[in-house]
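Below is one structure, written out as structure tokens; the observations come after it.
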There are 2 protein chains.
Amino acid sequence: MSTYTAPLRDMKFVLNELAGLEAVAKLPGFGEASPDTVEAILEEASKFASGVLDPINYSGDQEGSKWSDGTVKTPKGFREAYKQFCEGGWNALPFEPDWGGQGLPRLVSTPVQEMWKSSNMSFSLCPLLTQGAIEALLLRGSPELQKRYLPKMVEGRWTGTMNLTEPQAGSDLSLVRTRAERVRDGKSGDHYLISGQKIFITYGEHDMSENIVHLVLARTPEAPEGVKGISLFVVPKFVPNEDGTPGKRNGAKCASIEHKLGIHASPTAVMVYDKAVGYVVGEENRGLEYMFIMMNAARFAVGLEGVAIAERAFQRALAFAKDRVQGRDLVQGGKAVPIIRHPDVRRMLMLMKSQTEAMRALAYTTASAMDYAHRHPDAETRKQHQAFVDLMIPVVKGWSTETGIEIASLGVQVHGGMGFVEETGAAQYLRDARITTIYEGTTGIQAMDLVGRKISREAGATAKAWLASLKMLDAELAKSGNADIKALRAQLAAGAQAVADGVNFIVETKDPRAMFAGAVPFLKLMGIVAGGWQMARAALAAEKKMASGDRAFLEAKIATARFYGDHVLVQAAALRDTVVKGSSGVMALSEEQFLGA
Amino acid sequence: MSTYTAPLRDMKFVLNELAGLEAVAKLPGFGEASPDTVEAILEEASKFASGVLDPINYSGDQEGSKWSDGTVKTPKGFREAYKQFCEGGWNALPFEPDWGGQGLPRLVSTPVQEMWKSSNMSFSLCPLLTQGAIEALLLRGSPELQKRYLPKMVEGRWTGTMNLTEPQAGSDLSLVRTRAERVRDGKSGDHYLISGQKIFITYGEHDMSENIVHLVLARTPEAPEGVKGISLFVVPKFVPNEDGTPGKRNGAKCASIEHKLGIHASPTAVMVYDKAVGYVVGEENRGLEYMFIMMNAARFAVGLEGVAIAERAFQRALAFAKDRVQGRDLVQGGKAVPIIRHPDVRRMLMLMKSQTEAMRALAYTTASAMDYAHRHPDAETRKQHQAFVDLMIPVVKGWSTETGIEIASLGVQVHGGMGFVEETGAAQYLRDARITTIYEGTTGIQAMDLVGRKISREAGATAKAWLASLKMLDAELAKSGNADIKALRAQLAAGAQAVADGVNFIVETKDPRAMFAGAVPFLKLMGIVAGGWQMARAALAAEKKMASGDRAFLEAKIATARFYGDHVLVQAAALRDTVVKGSSGVMALSEEQFLGA
């Protein structure tokens with residue numbers, strides 16, 4: 001059996017050498033993030049993940065959450081774990097001290113969240129959704145709403161949900177039909193009555209908290225059609241009493257939960273709102289705008305799920321490969337050896353390890369940029385970092401999740417026949433990971449965001465600025481005499497050129513269909529090259545620290561970076577060709593020519 | 001809902017234009033395979049697949065096979081379907097008329113088997129395993145064994161299994177421990193008593209047939225160690241009486257069945273043999289050799305599962321994409337349109353369609369070569385075809401299954417959130433497909449077979465002969481004025497060069513670790529280029545038939561081939577680089593440097 005161990009060594013390497021934790025901790029308001037505090041937080045989180053969340057991951061998957069007559073029972077151990085989670089202050093960790101949080105940089109909460117996701121993705125979704133709802137209220141909630149809901153939600157006593165999707169409105173939220181009618185109420189203030197059906201509501205109903213705060217997209221009767229007529233409402237499961245305790249049961253019912261491929265412990269609810277009391281967040285008709293403000297954080301979090309599942313799948317595959325004895329050493333012969341000795345198993349493990357490290361480094365570096373974008377005193381610096389964050393969010397989301405699935409699948413493969421048997425645990429990661437390229441915007445949606453909003457709209461300015469920084473890195477790499485770094489440098493240069501060609505194509509093409517036909521290949525290209533950028537930075541940092549640091553770790557980092565170049569970055573040119581020259585075949589067939597038979 | 005429809009138009013195109021059915025039907029013994037008969041068989045098989053097998057695929061997955069006290073109950077409808085299957089003569093179809101079969105070329109039974117696999121992979125495994133057992137008996141069984149077992153098994157009244165794996169012996173069969181002790185018996189002939197545990201036995205126990213004939217690998221007491229001491233035995237569930245009816249219950253018990261990621265309806269048994277009566281097949285100690293003779297057929301069949309699942313996943317995704325209305329047309333705007341209108345959805349569908357067609361064409365062409373290898377009157381021609389079959393079997397198996405998983409995963413993605421919900425049906429294909437890269441030899445095993453036995457050992461002779469035929473095809477492609485064919489020609493030439501470089505590396509390297517470190521990337525390269533070879537042949541055939549044929553289909557074939565070039569074949573150069581230059585990073589780390597934490 002493999003138990004989860006937080007990869008603290010790599011996490012700290014990335015935090016300190018690549019994501020600049022020391023400098024981030026000096027940004028205004030991050031005084032709490034001293035090295036000792038961060039160290040202690042990571043250690044404690046690691047213990048909680050290994051000791052509390054990991055042990056109920058497989059059992060939670062097998063048991064699943066169960067619906068009965070409008071209520072949902074989470075699997076054995078989830079209620080208790082959630083109680084401990086809140087008592088330990090973990091739910092509050094990412095928030096401001098004003099609301100009971102610890103005022104830590106996102107760069108610090110990111111590895112902590114990675115641990116929750118690695119050890120128990122289903123569990124982690126509950127606090128994740130609560131966090132999204134809290135952020136919506138922090139950004140646009142009235143002081144009244146904030147005062148009533150935020151302390152309970154930050155503590156974790158009340159959880160949150162996001163209600164976007166309806167059966168006819170998935171990626172296309174302009175089709176939302178849920179209605180909200182305003183009720184003038186002189187006594188307790190105006191409210192709305194919300195009616196409609198929402199689907200795919202993560203933790204829409206469960207038994208871990210005393211109240212559930214739904215954030216619901218709906219239309220008022222006079223709202224304009226389309227996306228500009230959607231408002232955002234708070235709809236509590238129990239309408240709070242004046243004293244703040246949960247009061248009357250609201251008309252927000254869980255009609256059923258989905259029978260899903262993965263994340264079985266996380267209940268995915270069909271919610272029916274029948275004249276449920278709700279309160280508008282911010283102004284009417286601006287709900288989608290508010291959702292988009294939060295979208296970056298949510299998409300980043302899902303990208304991090306890709307990293308986290310990849311890490312977990314790697315750990316389990318590694319443990320198996322060291323343990324399973326099968327086949328002789330190719331060169332030495334003799335008795336059967338652990339399969340980690342075999343080149344193809346080693347190749348799979350290296351694919352898992354190198355890409356996980358690359359994705360982690362990109363995610364943490366992006367988290368660091370979020371901290372700069374929020375907290376740096378200089379407006380221009382904030383703006384530059386925000387532009388970088390905006391560019392990289394769809395990459396972190398799309399690339400890390402697509403790669404996370406591939407890595408989880410490799411994890412099954414390393415196990416051979418045992419990987420297909422559920423008791424082994426490897427298959428669960430593949431099933432769980434499979435949702436990550438879908439929710440919070442499919443990979444296609446991320447890719448359209450990337451090429452459309454983030455590149456084409458600004459003529460590639462931010463992407464080009466990033467490419468310029470790759471050129472500077474290339475000059476640094478050129479100084480190294482290390483053969484692995486030299487090999488990686490060549491692959492990275494070719495990758496950067498491929499991105500540049502792709503950006504130019506996107507900026508120059510007049511054909512939106514051609515641009516979007518290559519959007520996902522371009523996103524993969526960006527991800528692969530951005531990962532290579534991080535691995536090259538990591539290799540350089542490892543080279544510099546070699547004399548003073550953990551030699552075995554640092555040498556492995558350089559070798560892993562080189563492997564990444566030869567096995568992953570190497571794909572860049574083909575992706576560029578597909579982006580630039582591959583669009584004609586995409587739309588060539590008429591719909592009628594798509595006949596299966 | 002999507003129901004399975006056999007892709008008869010594409011199947012017939014491949015049979016006639018690419019795999020040379022007309023010439024195959026003229027080989028000795030294939031007199032039955034007249035165009036009318038083949039047409040009728042395909043039509044009837046298509047009806048059976050759509051009408052009987054497809055409707056119990058999802059329900060069979062949900063219900064699963066259930067173990068109870070040594071017996072296994074298959075899901076609702078499976079017994080009846082199997083009865084119909086046998087009564088319709090489908091079980092006997094691939095066999096010789098001498099034993100009750102129809103004497104058809106493998107090229108004809110291949111599309112029929114694709115239909116069973118597409119419509120219900122779990123069901124199809126029962127006749128598949130029976131077929132493997134029949135082939136073992138045909139090849140090496142004594143006349144006595146053949147007479148006793150074959151008629152029942154060909155009819156389908158008795159089913160077969162293959163018992164190779166033990167807990168400590170998976171890919172490495174040298175570790176098999178099951179024992180076989182010879183009992184001298186003057187009356188009814190010598191037999192053996194078999195004792196040991198076998199795992200992963202597909203249809204090792206079930207309720208669809210009156211007897212189960214296990215083919216079991218085991219060691220006699222005096223057998224040499226390792227692979228040269230393994231013998232093959234027939235171990236019936238019920239020992240046949242003198243009159244051929246099933247007699248005494250044998251000591252072959254199903255201890256449990258596995259709880260698996262997919263193919264839930266197909267029971268995967270743990271079999272315990274306790275002094276079970278068995279009969280040796282052929283000679284003692286040659287069991288593994290016999291298994292290898294059958295291996296090609298079994299591996300080909302699993303490769304075909306990749307094609308079949310890909311086809312089914314494509315059909316379901318296509319139906320959804322035509323039906324699901326979401327988002328406006330990128331250029332025309334206006335109201336929401338079916339998502340097939342969106343370039344990225346179209347790209348996914350084209351990836352599914354083009355690769356499925358390429359894999360089908362390669363599989364059928366390989367089946368055609370099997371027929372030549374078995375039946376051509378000229379020994380040298382047989383030998384050449386057998387060499388081509390030997391080269392392509394690991395490619396058909398490894399590449400079609402790896403790609404089948406990717407396509408099934410794309411099928412989930414096309415469905416968005418609905419794809420993650422089991423009721424939709426798309427997720428099952430991904431779960432079912434996931435076993436195909438594992439059983440009958442993992443992709444790593446296929447790749448080692450390809451680069452080691454099939455290329456290195458003969459200094460690349462057969463691979464080079466195939467590459468020479470690609471050069472001739474290039475000359476044909478050069479004659480076309482069609483822009484799509486021109487673009488494809490360039491990609492195929494680059495792909496062929498990449499394969500040539502890879503073959504040279506494999507033949508010349510002195511480092512077996514380097515060779516095997518690139519084995520899977522090389523297998524993928526071979527698959528992609530072999531698929532491109534078929535798509536190029538298909539495009540030329542379509543161009544030639546354009547004036548007289550089904551224009552919409554033929555134009556689509558050419559456009560699809562071009563898409564394949566720009567989106568799939570384009571990856572060849574990067575794979576070559578990984579094979580040729582990527583080995584250093586694979587083995588760079590010590591085992592101790594592989595620390596998750």
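In the structure tokens, each chain is lettered A, B, ... as it comes, each chain's residues begin at 1, and ligands are numbered from 1 in order of appearance.
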Inset, instruction - Check the DSSP output for the backbone and give back, as a ChimeraX atom specification, the residues of range 25-248 of chain B in strand (DSSP E or B). - result: /B:66-68,71-73,158-163,166,169,179-183,191-202,211-219,231-236,238-240,246-248
Inset, instruction - With a distance cut-off of 12 Å and only C-alpha atoms, select the neighbouring residues of Ala298 in chain B, excluding the residue or stretch itself and same-chain residues fewer than 5 positions from it, and output the selection as a PyMOL selection string. - result: chain B and resi 125+127-136+162+291-293+303-305+393-394+396-397+436+439-441
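Look at range 588-595 of chain A: the protein and nucleic acid residues within 7 Å of it, using only C-alpha atoms and passing over chain neighbours fewer than 5 places away, are Ala552, Phe553, Ala556 and Ala559 of chain B.
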Next, dump the selected residues to file, keeping only N, CA and C atoms, as a short mmCIF file (atom, residue, chain, number, x, y, z; two decimals), in the first residue's frame.
```cif
data_model
loop_
_atom_site.label_atom_id
_atom_site.label_comp_id
_atom_site.auth_asym_id
_atom_site.auth_seq_id
_atom_site.Cartn_x
_atom_site.Cartn_y
_atom_site.Cartn_z
N ALA B 552 -19.65 11.94 -51.49
CA ALA B 552 -19.57 12.53 -50.15
C ALA B 552 -18.64 11.72 -49.26
N PHE B 553 -18.75 10.40 -49.35
CA PHE B 553 -17.90 9.53 -48.54
C PHE B 553 -16.45 9.63 -48.98
N ALA B 556 -14.85 12.90 -48.11
CA ALA B 556 -14.58 12.91 -46.67
C ALA B 556 -13.33 12.09 -46.35
N ALA B 559 -10.29 14.25 -47.13
CA ALA B 559 -10.13 15.33 -46.14
C ALA B 559 -9.70 14.78 -44.79
#
```
Inset, instruction - Find the residues around range 446-451 of chain A up to 7 Å (only C-alpha atoms counted), leave out those fewer than 3 positions away in its own chain, and share them as a ChimeraX atom specification. - result: /A:391,394,398,441-443,454-456,506,516,519-520,523
Inset, instruction - Using DSSP on the backbone coordinates, identify all residues within range 129-370 of chain B classified as helix (DSSP H, G or I); present the result as a ChimeraX atom specification. - result: /B:129-140,143-155,173-175,226-229,287-323,339-341,343-370
Inset, instruction - Provide the CA of His264 in chain B to CA of Pro75 in chain B distance in Å, to one decimal place. - result: 9.3 Å
Legend entry - Residue nearest chain B among A:Glu289, A:Asp566, A:Glu96, A:Asp274 (counting only C-alpha atoms): A:Asp566
Legend entry - Given only C-alpha atoms as the counted atoms, nearest of A:Gly582, A:Gly189, A:Gly77, A:Gly549 to Phe13 in chain A: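 Closest to Phe13 in chain A, using only C-alpha atoms: A:Gly549.
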Inset, instruction - Work out how far apart CA of Leu349 in chain B and CA of Gln413 in chain B are and give it in Å to one decimal. - result: 10.3 Å
Legend entry - From A:Ile41, A:Ala463, A:Leu93, A:Leu318, residue lying nearest chain B [only C-alpha atoms]: A:Leu318
Legend entry - Interatomic distance (Å, one decimal) between CA of Gln355 in chain A and CA of Thr403 in chain A: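 Answer for the CA of Gln355 in chain A to CA of Thr403 in chain A separation: 7.7 Å.
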Legend entry - Shell of 12 Å around Glu39 in chain B, only C-alpha atoms, local chain residues under 3 positions omitted, as a ChimeraX atom specification: /B:8-9,11-12,15-16,21,32-36,42-46,108,111-112
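For the choices A:Gln534, A:Gln497, A:Ser122, A:Thr437, the atom-to-atom distance to chain B is smallest for A:Thr437 when using only C-alpha atoms.
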Inset, instruction - Find the residues near Ala169 in chain A: any atom within 12 Å, counting only C-alpha atoms, skip ones fewer than 2 places away on the same chain, and give them as a ChimeraX atom specification. - result: /A:163-167,171-178,197-200,217-218,226-227 /B:324-327,336,416-418
Legend entry - Shell of 10 Å around range 205-213 of chain A, only C-alpha atoms, local chain residues under 3 positions omitted, as a VMD selection string: chain A and resid 65 to 67 70 to 75 78 to 83 126 130 133 to 134 149 152 to 153 156 to 162 201 to 202 216 233 to 240 245 to 247 249 252 to 257 266 to 271
Inset, instruction - Check the smallest atom-to-atom distance from each of A:Pro105, A:Gly527, A:Gly251, A:Gly170 to chain B using only C-alpha atoms, then report the winner. - result: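 Smallest distance to chain B is found for A:Gly170.
Distances here use only C-alpha atoms; by that measure, the residue among A:Gly229, A:Pro97, A:Pro343, A:Gly495 closest to chain B is A:Pro343.
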